[in-house]
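Q: Pasting a structure below so you can have a look.
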Amino acid sequence: MNRLTCELHCNRALCKISEGDLSALTVVYDCMARRMFALALSILKNYADAEDATQDAFLKVLQSIGTYRKDGNAMAWLLSITRNAAIDLMRKRKDSISVETFFGDAEPSECKDPAERLALEEAFMSLEQEDREILTLKIYGGLKFREISDQMGLPLTTVQKRYQRALQKLKTQLR
């Protein structure tokens, strides 16, 4: 499903949820679960913790549905909740987080060659956490730079520069 269609479906579903129709949560899950999980995984670097954070995020969606603006950006709102849930979980489990590779237990990436996959994982993990978040929000979340800027509380130009530098660093390391 493309970003615009997903945004429209999520917005409608969130409005229905706010009116008490909890069955609309399945629409949000179908559209956003992968993106929310990818963001949580980029922050936590642990598959099981990312699953927990994604589940926590869905619970927080239900708890805070009253704060959703009906004309708001559904994807940005959901990813913001996910980011906060992942950071909260990271703080709770700070001493117990094990570092797994980014794609470790997730669905297979497009790299079929194990050596290429390992190189990609290592290159991605070498980035600073904020840079990994920016890449994840842009690539997996499909957010615009302005939305990422608003969500992370960083200036727009900073987000754009960090994105470009992170991509360049990945390209350099993978050569």
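Residues are referred to by chain and number: the chain letter is A, B, ... according to the order shown in the structure tokens, the number counts from 1 in that chain, and ligands are numbered separately from 1 in the order shown.
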Would you mind writing down, as a PyMOL selection string, each residue of chain A that DSSP on the backbone assigns to alpha helix (DSSP H)?

A: chain A and resi 3-18+25-44+47-63+74-92+114-125+129-139+145-152+156-174

Q: Counting only C-alpha atoms, what is within 9 Å of segment 133-148 of chain A, bar same-chain residues fewer than 4 positions away, as a PDB file with N, CA and C atoms, in the first residue's frame?

A:
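What ended up in part-v7.pdb:
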ATOM      1  N   ARG A   3       2.108   5.253   0.417  1.00  0.00           N
ATOM      2  CA  ARG A   3       2.104   6.120   1.601  1.00  0.00           C
ATOM      3  C   ARG A   3       0.810   6.928   1.722  1.00  0.00           C
ATOM      4  N   MET A  32       0.473   0.010   9.331  1.00  0.00           N
ATOM      5  CA  MET A  32       1.617   0.615  10.006  1.00  0.00           C
ATOM      6  C   MET A  32       2.503  -0.313  10.840  1.00  0.00           C
ATOM      7  N   ARG A  34       4.511  -2.817  10.277  1.00  0.00           N
ATOM      8  CA  ARG A  34       5.888  -3.021   9.784  1.00  0.00           C
ATOM      9  C   ARG A  34       6.742  -1.779   9.966  1.00  0.00           C
ATOM     10  N   ARG A  35       6.182  -0.640   9.653  1.00  0.00           N
ATOM     11  CA  ARG A  35       6.935   0.609   9.784  1.00  0.00           C
ATOM     12  C   ARG A  35       7.227   0.915  11.249  1.00  0.00           C
ATOM     13  N   MET A  36       6.240   0.686  12.087  1.00  0.00           N
ATOM     14  CA  MET A  36       6.420   0.933  13.516  1.00  0.00           C
ATOM     15  C   MET A  36       7.479  -0.015  14.083  1.00  0.00           C
ATOM     16  N   ALA A  38       9.927  -1.467  12.383  1.00  0.00           N
ATOM     17  CA  ALA A  38      11.242  -1.098  11.833  1.00  0.00           C
ATOM     18  C   ALA A  38      11.837   0.075  12.603  1.00  0.00           C
ATOM     19  N   LEU A  39      11.020   1.036  12.948  1.00  0.00           N
ATOM     20  CA  LEU A  39      11.512   2.172  13.724  1.00  0.00           C
ATOM     21  C   LEU A  39      11.961   1.708  15.108  1.00  0.00           C
ATOM     22  N   ALA A  40      11.147   0.907  15.775  1.00  0.00           N
ATOM     23  CA  ALA A  40      11.510   0.411  17.106  1.00  0.00           C
ATOM     24  C   ALA A  40      12.794  -0.410  17.038  1.00  0.00           C
ATOM     25  N   SER A  42      15.219  -0.098  14.864  1.00  0.00           N
ATOM     26  CA  SER A  42      16.378   0.773  14.614  1.00  0.00           C
ATOM     27  C   SER A  42      16.844   1.466  15.892  1.00  0.00           C
ATOM     28  N   ILE A  43      15.945   1.667  16.818  1.00  0.00           N
ATOM     29  CA  ILE A  43      16.290   2.316  18.081  1.00  0.00           C
ATOM     30  C   ILE A  43      16.835   1.294  19.081  1.00  0.00           C
ATOM     31  N   ASN A  73      -1.530  14.242  10.832  1.00  0.00           N
ATOM     32  CA  ASN A  73      -0.751  13.293  10.045  1.00  0.00           C
ATOM     33  C   ASN A  73      -0.703  11.981  10.828  1.00  0.00           C
ATOM     34  N   MET A  75       0.431   8.939  10.133  1.00  0.00           N
ATOM     35  CA  MET A  75       1.697   8.202  10.142  1.00  0.00           C
ATOM     36  C   MET A  75       2.693   8.842  11.099  1.00  0.00           C
ATOM     37  N   ALA A  76       2.812  10.149  11.043  1.00  0.00           N
ATOM     38  CA  ALA A  76       3.754  10.837  11.934  1.00  0.00           C
ATOM     39  C   ALA A  76       3.345  10.643  13.389  1.00  0.00           C
ATOM     40  N   LEU A  79       4.174   6.983  14.373  1.00  0.00           N
ATOM     41  CA  LEU A  79       5.618   6.770  14.484  1.00  0.00           C
ATOM     42  C   LEU A  79       6.204   7.522  15.678  1.00  0.00           C
ATOM     43  N   ARG A  83       8.273   5.727  18.515  1.00  0.00           N
ATOM     44  CA  ARG A  83       9.604   6.201  18.914  1.00  0.00           C
ATOM     45  C   ARG A  83       9.663   6.393  20.420  1.00  0.00           C
ATOM     46  N   GLU A 128      25.311   6.715  13.984  1.00  0.00           N
ATOM     47  CA  GLU A 128      24.800   7.187  15.267  1.00  0.00           C
ATOM     48  C   GLU A 128      23.312   6.877  15.339  1.00  0.00           C
ATOM     49  N   GLN A 129      22.794   6.747  16.562  1.00  0.00           N
ATOM     50  CA  GLN A 129      21.392   6.362  16.759  1.00  0.00           C
ATOM     51  C   GLN A 129      20.435   7.320  16.053  1.00  0.00           C
ATOM     52  N   MET A 152      11.328  14.619  15.561  1.00  0.00           N
ATOM     53  CA  MET A 152      12.551  14.457  16.346  1.00  0.00           C
ATOM     54  C   MET A 152      12.971  15.743  17.054  1.00  0.00           C
ATOM     55  N   GLY A 153      12.315  16.839  16.727  1.00  0.00           N
ATOM     56  CA  GLY A 153      12.664  18.104  17.368  1.00  0.00           C
ATOM     57  C   GLY A 153      13.996  18.653  16.895  1.00  0.00           C
ATOM     58  N   LEU A 154      14.333  18.388  15.637  1.00  0.00           N
ATOM     59  CA  LEU A 154      15.583  18.871  15.048  1.00  0.00           C
ATOM     60  C   LEU A 154      15.255  19.843  13.912  1.00  0.00           C
ATOM     61  N   PRO A 155      16.154  20.794  13.652  1.00  0.00           N
ATOM     62  CA  PRO A 155      15.924  21.686  12.511  1.00  0.00           C
ATOM     63  C   PRO A 155      15.868  20.892  11.194  1.00  0.00           C
ATOM     64  N   LEU A 156      15.075  21.378  10.267  1.00  0.00           N
ATOM     65  CA  LEU A 156      14.909  20.712   8.975  1.00  0.00           C
ATOM     66  C   LEU A 156      16.243  20.492   8.276  1.00  0.00           C
ATOM     67  N   THR A 157      17.074  21.520   8.230  1.00  0.00           N
ATOM     68  CA  THR A 157      18.365  21.386   7.534  1.00  0.00           C
ATOM     69  C   THR A 157      19.266  20.355   8.217  1.00  0.00           C
ATOM     70  N   VAL A 159      18.219  17.615   9.760  1.00  0.00           N
ATOM     71  CA  VAL A 159      17.702  16.305   9.361  1.00  0.00           C
ATOM     72  C   VAL A 159      18.160  15.985   7.940  1.00  0.00           C
ATOM     73  N   GLN A 160      18.052  16.943   7.032  1.00  0.00           N
ATOM     74  CA  GLN A 160      18.455  16.712   5.640  1.00  0.00           C
ATOM     75  C   GLN A 160      19.947  16.402   5.535  1.00  0.00           C
ATOM     76  N   ARG A 162      21.971  15.272   7.941  1.00  0.00           N
ATOM     77  CA  ARG A 162      22.292  14.004   8.599  1.00  0.00           C
ATOM     78  C   ARG A 162      21.870  12.820   7.727  1.00  0.00           C
ATOM     79  N   TYR A 163      20.758  12.957   7.045  1.00  0.00           N
ATOM     80  CA  TYR A 163      20.297  11.907   6.143  1.00  0.00           C
ATOM     81  C   TYR A 163      21.312  11.708   5.016  1.00  0.00           C
ATOM     82  N   ALA A 166      24.552  10.226   6.364  1.00  0.00           N
ATOM     83  CA  ALA A 166      24.378   8.815   6.728  1.00  0.00           C
ATOM     84  C   ALA A 166      24.382   7.937   5.474  1.00  0.00           C
ATOM     85  N   LEU A 167      23.680   8.361   4.439  1.00  0.00           N
ATOM     86  CA  LEU A 167      23.681   7.603   3.187  1.00  0.00           C
ATOM     87  C   LEU A 167      25.082   7.524   2.603  1.00  0.00           C
TER      88      LEU A 167
END

Q: What separation in Å, quoted to one decimal, exists between atom CA of Leu44 of chain A and atom CA of Gln164 of chain A?

A: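 That distance, rounded to one decimal, is 22.6 Å.
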
Q: Using only C-alpha atoms, which protein or nucleic acid residues come within 12 Å of Leu22 of chain A? Drop anything in the same chain fewer than 4 positions from it, and give the result as a list in words.

A: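 Listed by chain and then number, they are Ala13, Leu14, Cys15, Lys16, Ile17, Ser18, Thr26, Val27, Val28, Tyr29, Phe58, Leu59, Val61, Leu62, Gln63 and Ile65 of chain A.
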
Q: Of the candidates A:Ala115, A:Ala74, A:Met125, A:Leu41, which one gets nearest to Ile87 of chain A if we count only C-alpha atoms?

A: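 So, comparing all the options, the nearest one is A:Leu41.
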
Q: So how far away is atom CA of Ala50 of chain A from atom CA of Gly72 of chain A, in Å?

A: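 Between these atoms lies a distance of 25.5 Å.
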
Q: What is the distance between atom CA of Tyr68 of chain A and atom CA of Lys45 of chain A, in Å to one decimal?

A: 28.6 Å

Q: Nearest residue to Trp77 of chain A out of A:Ala123, A:Cys10, A:Ala33, A:Leu170, using only C-alpha atoms?

A: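 With only C-alpha atoms as the atom set, the closest residue is A:Cys10.
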